[in-house]
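Asker: Next up, query.cif (mmCIF, C-alpha atoms).
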```cif
data_start
loop_
_atom_site.label_atom_id
_atom_site.label_comp_id
_atom_site.auth_asym_id
_atom_site.auth_seq_id
_atom_site.Cartn_x
_atom_site.Cartn_y
_atom_site.Cartn_z
CA MET X 177 0.00 0.00 0.00
CA PRO X 178 1.43 3.41 -0.96
CA ILE X 179 2.36 5.68 1.95
CA GLU X 180 -0.18 8.36 0.94
CA SER X 181 -2.97 5.77 0.67
CA GLY X 182 -1.99 4.35 4.07
CA ILE X 183 -2.21 7.81 5.67
CA VAL X 184 -5.65 8.40 4.14
CA THR X 185 -6.87 5.02 5.40
CA LEU X 186 -5.51 5.83 8.87
CA GLU X 187 -7.45 9.10 8.85
CA LEU X 188 -10.61 7.23 7.85
CA TRP X 189 -10.00 4.75 10.69
CA VAL X 190 -9.86 7.68 13.14
CA ILE X 191 -13.09 9.14 11.72
CA PHE X 192 -14.75 5.71 11.81
CA PHE X 193 -13.88 5.06 15.47
CA ALA X 194 -14.96 8.60 16.40
CA ILE X 195 -18.37 8.00 14.78
CA LEU X 196 -18.53 4.55 16.38
CA SER X 197 -17.82 5.91 19.87
CA VAL X 198 -20.52 8.59 19.64
CA THR X 199 -23.15 6.30 18.10
CA ILE X 200 -22.54 3.53 20.63
CA ALA X 201 -22.86 6.03 23.49
CA ILE X 202 -26.20 7.16 22.05
CA ASP X 203 -27.35 3.60 21.30
CA LEU X 204 -26.57 2.46 24.84
CA GLY X 205 -28.88 5.18 26.16
CA LEU X 206 -26.28 7.53 27.61
CA ILE X 207 -28.71 10.47 27.40
CA HIS X 208 -31.38 8.58 29.32
CA LYS X 209 -28.86 7.48 31.95
CA ILE X 210 -27.82 11.10 32.51
CA LYS X 211 -31.49 12.10 32.75
CA ARG X 212 -32.08 9.31 35.25
CA LYS X 213 -29.21 10.51 37.46
CA LEU X 214 -30.34 14.14 37.31
CA THR X 215 -33.92 13.26 38.27
CA LYS X 216 -32.80 10.54 40.70
CA ALA X 217 -35.41 8.22 39.24
CA SER X 218 -35.14 4.45 39.17
CA SER X 219 -34.16 2.71 35.94
CA SER X 220 -37.61 1.17 35.61
CA GLU X 221 -39.33 4.56 35.90
CA LEU X 222 -37.38 6.01 33.00
CA GLU X 223 -37.02 2.82 30.95
CA HIS X 224 -37.04 4.09 27.39
CA VAL X 225 -39.50 2.57 24.94
CA MET X 226 -38.69 3.20 21.28
CA SER X 227 -41.77 4.08 19.24
CA THR X 228 -42.18 3.17 15.56
CA LYS X 229 -41.76 6.84 14.59
CA GLU X 230 -38.54 7.11 16.61
CA ALA X 231 -37.27 3.81 15.18
CA LEU X 232 -37.88 5.13 11.65
CA GLY X 233 -35.97 8.31 12.47
CA TRP X 234 -33.00 6.40 13.87
CA THR X 235 -33.02 3.93 10.95
CA ILE X 236 -32.83 6.82 8.50
CA THR X 237 -30.03 8.35 10.64
CA TRP X 238 -27.93 5.15 10.64
CA ILE X 239 -28.37 4.66 6.88
CA SER X 240 -27.50 8.33 6.29
CA LEU X 241 -24.34 7.97 8.39
CA ALA X 242 -23.31 4.96 6.30
CA GLY X 243 -24.00 7.00 3.15
CA ILE X 244 -21.87 9.90 4.41
CA PHE X 245 -19.03 7.50 5.25
CA ALA X 246 -19.34 5.95 1.79
CA GLY X 247 -18.90 9.46 0.38
CA MET X 248 -15.74 9.91 2.47
CA ILE X 249 -14.39 6.64 1.10
CA TYR X 250 -15.17 7.80 -2.45
CA PHE X 251 -13.20 11.05 -2.09
CA ALA X 252 -10.36 9.43 -0.12
CA LEU X 253 -9.92 5.99 -1.72
CA GLY X 254 -11.82 6.14 -5.00
CA ASN X 255 -14.96 4.78 -6.65
CA ASP X 256 -14.02 1.08 -6.46
CA LYS X 257 -13.59 1.11 -2.67
CA MET X 258 -16.83 3.05 -2.26
CA ILE X 259 -18.72 0.44 -4.32
CA GLU X 260 -17.17 -2.36 -2.23
CA PHE X 261 -18.33 -0.60 0.96
CA VAL X 262 -21.90 -0.08 -0.31
CA THR X 263 -22.14 -3.68 -1.57
CA GLY X 264 -20.83 -5.08 1.73
CA TYR X 265 -23.19 -2.83 3.69
CA ALA X 266 -26.25 -3.82 1.62
CA LEU X 267 -25.32 -7.50 1.85
CA GLU X 268 -24.83 -7.44 5.63
CA LYS X 269 -28.00 -5.39 6.19
CA SER X 270 -30.17 -7.75 4.14
CA LEU X 271 -28.79 -10.89 5.77
CA SER X 272 -29.28 -9.39 9.24
CA VAL X 273 -33.03 -8.94 8.69
CA ASP X 274 -33.45 -12.72 8.79
CA ASN X 275 -31.71 -12.71 12.18
CA MET X 276 -34.43 -10.42 13.55
CA PHE X 277 -36.95 -13.24 13.34
CA VAL X 278 -34.78 -15.03 15.93
CA PHE X 279 -34.74 -11.92 18.14
CA LEU X 280 -38.53 -11.75 18.04
CA LEU X 281 -38.81 -15.48 18.79
CA VAL X 282 -36.42 -15.21 21.76
CA PHE X 283 -38.25 -12.27 23.36
CA THR X 284 -41.64 -13.90 22.81
CA THR X 285 -40.51 -17.23 24.28
CA LEU X 286 -39.03 -15.58 27.40
CA GLY X 287 -41.90 -13.11 27.79
CA ILE X 288 -39.60 -10.06 27.76
CA PRO X 289 -41.67 -6.87 27.33
CA HIS X 290 -40.92 -4.24 24.71
CA LYS X 291 -39.46 -1.76 27.21
CA TYR X 292 -36.67 -4.17 28.23
CA GLN X 293 -35.85 -5.53 24.76
CA HIS X 294 -33.74 -2.50 23.78
CA ARG X 295 -31.41 -3.13 26.75
CA VAL X 296 -30.68 -6.68 25.59
CA LEU X 297 -30.21 -5.59 21.97
CA SER X 298 -27.91 -2.68 22.89
CA VAL X 299 -25.53 -4.90 24.89
CA GLY X 300 -25.81 -7.62 22.24
CA ILE X 301 -24.89 -5.24 19.42
CA LEU X 302 -21.89 -3.89 21.34
CA SER X 303 -20.46 -7.37 21.92
CA ALA X 304 -21.36 -8.38 18.34
CA ILE X 305 -19.19 -5.54 17.00
CA VAL X 306 -16.17 -6.77 18.97
CA MET X 307 -16.78 -10.37 17.88
CA ARG X 308 -17.25 -9.39 14.21
CA ILE X 309 -14.01 -7.42 14.06
CA ALA X 310 -12.08 -10.41 15.47
CA LEU X 311 -13.74 -12.87 13.05
CA ILE X 312 -13.19 -10.58 10.05
CA LEU X 313 -9.47 -10.26 10.81
CA VAL X 314 -9.19 -14.04 11.17
CA GLY X 315 -11.19 -14.67 7.98
CA ALA X 316 -9.18 -12.16 5.92
CA SER X 317 -5.92 -13.61 7.26
CA LEU X 318 -7.00 -17.15 6.32
CA LEU X 319 -7.83 -16.08 2.77
CA ASP X 320 -4.52 -14.24 2.41
CA ASN X 321 -2.42 -17.16 3.71
CA PHE X 322 -4.51 -20.12 2.53
CA HIS X 323 -6.12 -19.25 -0.79
CA TRP X 324 -7.96 -22.58 -0.94
CA MET X 325 -10.09 -21.36 2.00
CA ILE X 326 -12.14 -19.41 -0.52
CA TYR X 327 -13.67 -22.72 -1.63
CA ILE X 328 -14.46 -23.60 1.99
CA PHE X 329 -16.18 -20.26 2.52
CA GLY X 330 -18.07 -20.57 -0.77
CA GLY X 331 -19.16 -24.09 0.15
CA LEU X 332 -20.27 -22.85 3.57
CA LEU X 333 -22.61 -20.34 1.91
CA TRP X 334 -24.00 -23.04 -0.36
CA PHE X 335 -24.51 -25.32 2.66
CA THR X 336 -26.39 -22.54 4.47
CA SER X 337 -28.65 -21.93 1.47
CA ILE X 338 -29.46 -25.65 1.15
CA ARG X 339 -30.20 -25.81 4.89
CA MET X 340 -32.59 -22.86 4.52
CA ILE X 341 -34.34 -24.60 1.62
CA LEU X 342 -34.85 -27.78 3.64
CA GLN X 343 -35.99 -25.91 6.76
CA LYS X 344 -39.73 -25.51 6.27
CA GLU X 345 -40.38 -23.16 9.18
CA GLU X 346 -38.58 -21.38 12.02
CA LYS X 347 -37.89 -23.80 14.86
CA LYS X 348 -39.34 -22.99 18.25
CA ILE X 349 -36.86 -22.23 21.00
CA GLU X 350 -36.84 -24.99 23.61
CA LEU X 351 -35.01 -23.44 26.54
CA GLU X 352 -34.02 -26.73 28.16
CA LYS X 353 -32.43 -27.98 24.91
CA ASN X 354 -30.93 -24.68 23.73
CA ILE X 355 -27.12 -24.82 23.61
CA ALA X 356 -26.66 -21.23 24.85
CA VAL X 357 -28.91 -21.83 27.87
CA ARG X 358 -27.14 -25.10 28.70
CA ILE X 359 -23.74 -23.35 28.56
CA LEU X 360 -25.05 -20.51 30.74
CA LYS X 361 -26.34 -22.99 33.34
CA LYS X 362 -22.83 -24.38 33.73
CA PHE X 363 -21.78 -21.03 35.17
CA MET X 364 -24.85 -20.03 37.19
CA PRO X 365 -28.45 -21.06 37.92
CA VAL X 366 -31.22 -19.53 35.82
CA ASN X 367 -34.28 -17.76 37.18
CA LEU X 368 -36.95 -17.26 34.49
CA ASN X 369 -38.84 -14.60 36.46
CA LEU X 370 -38.31 -11.02 35.26
CA VAL X 371 -36.68 -8.67 37.77
CA GLY X 372 -37.01 -5.29 36.05
CA ASN X 373 -34.20 -4.63 33.58
CA LYS X 374 -31.60 -6.64 35.53
CA PHE X 375 -29.41 -9.28 33.87
CA LEU X 376 -28.48 -10.81 37.24
CA VAL X 377 -30.36 -11.19 40.51
CA SER X 378 -29.20 -12.44 43.92
CA ILE X 379 -31.39 -15.17 45.44
CA ASN X 380 -30.33 -16.44 48.88
CA GLY X 381 -26.87 -15.03 48.30
CA VAL X 382 -26.46 -16.83 44.95
CA MET X 383 -26.36 -14.91 41.66
CA HIS X 384 -28.98 -16.10 39.15
CA ALA X 385 -29.34 -15.27 35.45
CA THR X 386 -32.61 -13.51 34.60
CA PRO X 387 -34.56 -13.89 31.31
CA LEU X 388 -32.67 -10.85 29.98
CA LEU X 389 -29.30 -12.60 30.35
CA VAL X 390 -30.77 -15.82 28.91
CA ALA X 391 -32.02 -13.83 25.88
CA LEU X 392 -28.61 -12.16 25.52
CA ALA X 393 -26.83 -15.54 25.59
CA ILE X 394 -29.12 -16.98 22.90
CA ILE X 395 -28.81 -13.86 20.72
CA GLU X 396 -24.99 -13.85 21.03
CA LEU X 397 -24.71 -17.51 20.03
CA THR X 398 -27.15 -16.93 17.16
CA ASP X 399 -25.09 -13.96 15.97
CA LEU X 400 -21.93 -16.06 16.08
CA VAL X 401 -23.56 -18.64 13.80
CA PHE X 402 -24.94 -15.85 11.62
CA ALA X 403 -21.48 -14.26 11.33
CA MET X 404 -20.14 -17.53 9.90
CA ASP X 405 -22.37 -16.87 6.88
CA SER X 406 -22.33 -13.08 6.57
CA ILE X 407 -18.58 -12.50 6.96
CA PRO X 408 -17.53 -14.96 4.19
CA ALA X 409 -20.23 -13.34 2.02
CA VAL X 410 -18.69 -9.87 2.46
CA LEU X 411 -15.16 -11.29 2.02
CA ALA X 412 -16.34 -12.46 -1.40
CA ILE X 413 -16.82 -8.79 -2.32
CA THR X 414 -13.51 -7.52 -0.91
CA ARG X 415 -10.67 -8.72 1.32
CA ASP X 416 -9.76 -5.23 2.45
CA PRO X 417 -10.15 -5.44 6.26
CA PHE X 418 -11.00 -1.72 6.43
CA ILE X 419 -13.94 -2.04 4.00
CA VAL X 420 -15.20 -5.32 5.49
CA ILE X 421 -15.04 -4.10 9.10
CA THR X 422 -16.57 -0.66 8.47
CA SER X 423 -19.40 -1.98 6.25
CA ASN X 424 -20.20 -4.71 8.79
CA VAL X 425 -20.17 -2.39 11.79
CA PHE X 426 -22.27 0.31 10.10
CA ALA X 427 -24.85 -2.35 9.19
CA ILE X 428 -24.91 -3.71 12.76
CA LEU X 429 -25.22 -0.27 14.39
CA GLY X 430 -28.72 0.27 13.03
CA LEU X 431 -30.07 -3.17 13.87
CA ARG X 432 -31.77 -2.16 17.14
CA ALA X 433 -33.76 0.65 15.51
CA LEU X 434 -34.51 -1.54 12.48
CA TYR X 435 -35.81 -4.29 14.76
CA PHE X 436 -38.29 -1.95 16.47
CA LEU X 437 -39.26 -0.51 13.08
CA ILE X 438 -40.12 -3.78 11.35
CA GLY X 439 -40.83 -5.92 14.44
CA GLY X 440 -44.58 -5.70 13.91
CA MET X 441 -44.33 -6.16 10.15
CA MET X 442 -42.10 -9.23 9.92
CA GLU X 443 -44.98 -11.41 8.77
CA ARG X 444 -45.16 -9.19 5.64
CA PHE X 445 -41.70 -10.31 4.47
CA HIS X 446 -43.13 -13.35 2.68
CA TYR X 447 -40.28 -13.73 0.21
CA LEU X 448 -37.35 -12.79 2.44
CA LYS X 449 -36.18 -16.37 2.89
CA PRO X 450 -36.18 -17.24 -0.85
CA GLY X 451 -34.42 -13.95 -1.55
CA LEU X 452 -31.68 -14.67 1.00
CA ILE X 453 -31.26 -18.19 -0.42
CA VAL X 454 -30.68 -16.75 -3.91
CA LEU X 455 -28.32 -14.15 -2.42
CA LEU X 456 -26.21 -16.77 -0.60
CA ILE X 457 -26.10 -19.05 -3.65
CA PHE X 458 -24.89 -16.15 -5.82
CA ILE X 459 -22.18 -15.05 -3.35
CA GLY X 460 -21.09 -18.66 -2.72
CA THR X 461 -20.82 -19.25 -6.48
CA LYS X 462 -18.86 -15.99 -6.87
CA MET X 463 -16.28 -17.27 -4.36
CA ILE X 464 -16.02 -20.77 -5.83
CA ILE X 465 -15.53 -19.63 -9.47
CA SER X 466 -13.31 -16.64 -8.58
CA GLU X 467 -10.18 -18.50 -9.77
CA PHE X 468 -11.67 -19.02 -13.22
CA TYR X 469 -14.03 -16.07 -13.66
CA HIS X 470 -14.06 -12.73 -11.84
CA ILE X 471 -17.42 -11.02 -11.28
CA GLU X 472 -16.94 -7.26 -11.04
CA THR X 473 -17.95 -5.57 -7.78
CA VAL X 474 -20.32 -3.24 -9.65
CA THR X 475 -22.06 -6.28 -11.12
CA SER X 476 -22.31 -7.84 -7.65
CA LEU X 477 -23.81 -4.61 -6.27
CA ILE X 478 -26.43 -4.51 -9.04
CA ILE X 479 -27.36 -8.17 -8.52
CA VAL X 480 -27.65 -7.72 -4.73
CA PHE X 481 -29.90 -4.68 -5.12
CA VAL X 482 -32.05 -6.38 -7.79
CA ILE X 483 -32.61 -9.36 -5.46
CA LEU X 484 -33.46 -7.11 -2.48
CA VAL X 485 -35.83 -4.86 -4.47
CA THR X 486 -37.56 -7.91 -5.98
CA VAL X 487 -38.06 -9.42 -2.53
CA MET X 488 -39.47 -6.19 -1.09
CA VAL X 489 -41.81 -5.45 -4.00
CA ALA X 490 -43.05 -9.04 -4.24
CA SER X 491 -43.66 -9.16 -0.47
CA LEU X 492 -45.61 -5.89 -0.51
CA LEU X 493 -47.72 -6.98 -3.49
CA LYS X 494 -48.65 -10.32 -1.94
CA LYS X 495 -52.13 -10.18 -0.44
CA PRO X 496 -52.40 -11.20 3.24
CA LYS X 497 -54.06 -14.51 3.97
CA THR X 498 -57.68 -14.39 5.02
CA THR X 499 -59.31 -16.75 7.48
CA LYS X 500 -62.34 -18.87 6.62
CA SER X 501 -64.57 -16.71 8.82
CA GLU X 502 -63.54 -13.64 6.82
#
```
As structure tokens, please, write out the structure in this file.
Answerer:
Amino acid sequence: MPIESGIVTLELWVIFFAILSVTIAIDLGLIHKIKRKLTKASSSELEHVMSTKEALGWTITWISLAGIFAGMIYFALGNDKMIEFVTGYALEKSLSVDNMFVFLLVFTTLGIPHKYQHRVLSVGILSAIVMRIALILVGASLLDNFHWMIYIFGGLLWFTSIRMILQKEEKKIELEKNIAVRILKKFMPVNLNLVGNKFLVSINGVMHATPLLVALAIIELTDLVFAMDSIPAVLAITRDPFIVITSNVFAILGLRALYFLIGGMMERFHYLKPGLIVLLIFIGTKMIISEFYHIETVTSLIIVFVILVTVMVASLLKKPKTTKSE
């Protein structure tokens, strides 16, 4: 990498981490915590509930921030890097929507009310960012040192798409059989009664995990599995750690607001699963044939957007099912 290009990338890293620090502070509810201290109110009294209107505003804000950063990349590193960032961002964002069905299932199973869900998601997103950065660095290093790993990653995406085809419906979460819950129980007992917004509660001098911590454990394990698909998919677009990390993190930052925005409309995404299957098959194929045929990043971006727009339009046009009584 030329010295001048390296300096520009370093400056972009500084800007990225500055944006990340501010947005995480906001996303973790720093303003509400300050308000709580000033008013000396309990956490439950000022527990923030994100409305649909607020979620829409924040979703637009996160997407706008990603767009602004893409503009910075364009002026600093050129058009090709900007296209890689936008493609990686769109890919990660679309794949993450499917993960929201799991979030909804977890909260419903554990009976966690809306006003406490944001606390679980905020902590989950923060830890997911750290985990993603580590996995991206490992994945990029593997591809650089062991080129044949590209076939493994491509095959992994194909395997995931086939598994999604064979899976007829979303499995119910059985707490006693769930791997994350079983691992958590090895460290502490679990109490499935809600105790406000607490992750831990002391019962007879023994610390117990509350439903919020159980939900967090399940979501973290789910995100780890999800990252095994999404990270290889983005690495198929570019192996530049800067582009992969920034596009991934920007996509993750807006997940909490996006969840509260579309949480009540998830049943309308009728064709999301088929769309994601096609997306994974395309990216997996791109990786596997990369040695023999290179698909341009611009072409990949167009294909990704065509798939996403088709899914959204087809889902909106599909008429909702009516019951016999209706």
Asker: What's around Val273 (chain X) at 9 Å? Count only C-alpha atoms, leave out sequence neighbours fewer than 5 positions away in its own chain, and write the answer as a PyMOL selection string.
Answerer: chain X and resi 268+431+434-435+448
Asker: Between X:Ile359, X:Ile309, X:Ala246, X:Ile236, which has the minimum distance to Val262 (chain X) (counting all atoms listed in the file)?
Answerer: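 With all atoms listed in the file as the atom set, the closest residue is X:Ala246.
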Asker: List every protein, DNA or RNA residue that has an atom no more than 10 Å from (-21.5, -2.0, 1.0) in the file's coordinate frame, counting all atoms listed in the file, and report them as number ranges by chain.
Answerer: X: 242-243, 246, 257-269, 410, 413-414, 419-420, 422-424, 426-427, 477
Asker: Write out as a PyMOL selection string the residues lying within 9 Å of Val296 (chain X), counting all atoms listed in the file and excluding same-chain residues fewer than 2 positions away.
Answerer: chain X and resi 292-294+298-301+373+375+388-389+391-392+395
Asker: Identify which of the residues X:Ser303, X:Ser317, X:Ser476, X:Thr386 lies closest to Ile200 (chain X), counting all atoms listed in the file when measuring atom-to-atom distances.
Answerer: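 Ranking X:Ser303, X:Ser317, X:Ser476, X:Thr386 by distance to Ile200 (chain X), first place goes to X:Ser303.
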Asker: May I have the residues within 8 Å of Ser337 (chain X) as a list in words, using all atoms listed in the file and disregarding those fewer than 6 positions away in the same chain?
Answerer: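 Result of the neighbour search: Leu452, Ile453, Val454, Leu456 and Ile457 of chain X.
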Asker: Using all atoms listed in the file, which of X:Leu492, X:Ile465, X:Val366, X:Val401 sits nearest Ser272 (chain X)?
Answerer: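 Checking each of X:Leu492, X:Ile465, X:Val366, X:Val401 against Ser272 (chain X), counting all atoms listed in the file, the winner is X:Val401.
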Asker: In Å, rounded to a single decimal, give me how far CA of Lys462 (chain X) is from CA of Leu332 (chain X).
Answerer: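 That distance, rounded to one decimal, is 12.6 Å.
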Asker: Kindly indicate which residue among X:Met463, X:Ile471, X:Ala433, X:Ala403 lies nearest to Leu311 (chain X), using all atoms listed in the file for the distances.
Answerer: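 Smallest distance to Leu311 (chain X) is found for X:Ala403.
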Asker: What would the selection look like, as a tab-separated table (two decimals) with C-alpha atoms, in the coordinates of the input, if the PyMOL selection byres ((chain X and resi 283-289) around 9) were run on the coordinates I just shared?
Answerer:
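Ended up saving to result-v4.tsv:
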```
chain	number	residue	atom	x	y	z
X	278	VAL	CA	-34.78	-15.03	15.93
X	279	PHE	CA	-34.74	-11.92	18.14
X	280	LEU	CA	-38.53	-11.75	18.04
X	281	LEU	CA	-38.81	-15.48	18.79
X	282	VAL	CA	-36.42	-15.21	21.76
X	290	HIS	CA	-40.92	-4.24	24.71
X	291	LYS	CA	-39.46	-1.76	27.21
X	292	TYR	CA	-36.67	-4.17	28.23
X	293	GLN	CA	-35.85	-5.53	24.76
X	348	LYS	CA	-39.34	-22.99	18.25
X	349	ILE	CA	-36.86	-22.23	21.00
X	350	GLU	CA	-36.84	-24.99	23.61
X	351	LEU	CA	-35.01	-23.44	26.54
X	368	LEU	CA	-36.95	-17.26	34.49
X	370	LEU	CA	-38.31	-11.02	35.26
X	387	PRO	CA	-34.56	-13.89	31.31
X	388	LEU	CA	-32.67	-10.85	29.98
X	390	VAL	CA	-30.77	-15.82	28.91
X	391	ALA	CA	-32.02	-13.83	25.88
```
Asker: Quick one: axis-aligned box around all listed atoms of region 398-417 of chain X, 8 Å on every side, centre and edge lengths in Å to one decimal, written as AutoDock Vina command-line options.
Answerer:
```
--center_x -18.5 --center_y -11.9 --center_z 7.4 --size_x 33.4 --size_y 29.4 --size_z 35.5
```
Asker: X:Arg308, X:Arg339, X:Arg415, X:Arg358: which is nearest Ile326 (chain X), counting all atoms listed in the file?
Answerer: X:Arg415
Asker: Using Å and a single decimal, report how far CA of Thr461 (chain X) sits from CA of Ile338 (chain X).
Answerer: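 These two atoms are separated by 13.2 Å.
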Asker: Suppose you want the space between CA of Val306 (chain X) and CA of Glu230 (chain X); what is it in Å?
Answerer: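 Distance reported for this atom pair: 26.4 Å.
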Asker: Can you list what the PyMOL selection byres ((chain X and resi 329) around 9) grabs from this structure, as JSON, numbers by chain?
Answerer: {"X": [325, 326, 327, 328, 330, 331, 332, 333, 334, 404, 405, 408, 409, 412, 460, 463, 464]}
Asker: So, counting all atoms listed in the file, which residue among X:Ala316, X:Ile428, X:Leu484, X:Val198 is closest to Asp416 (chain X)?
Answerer: X:Ala316
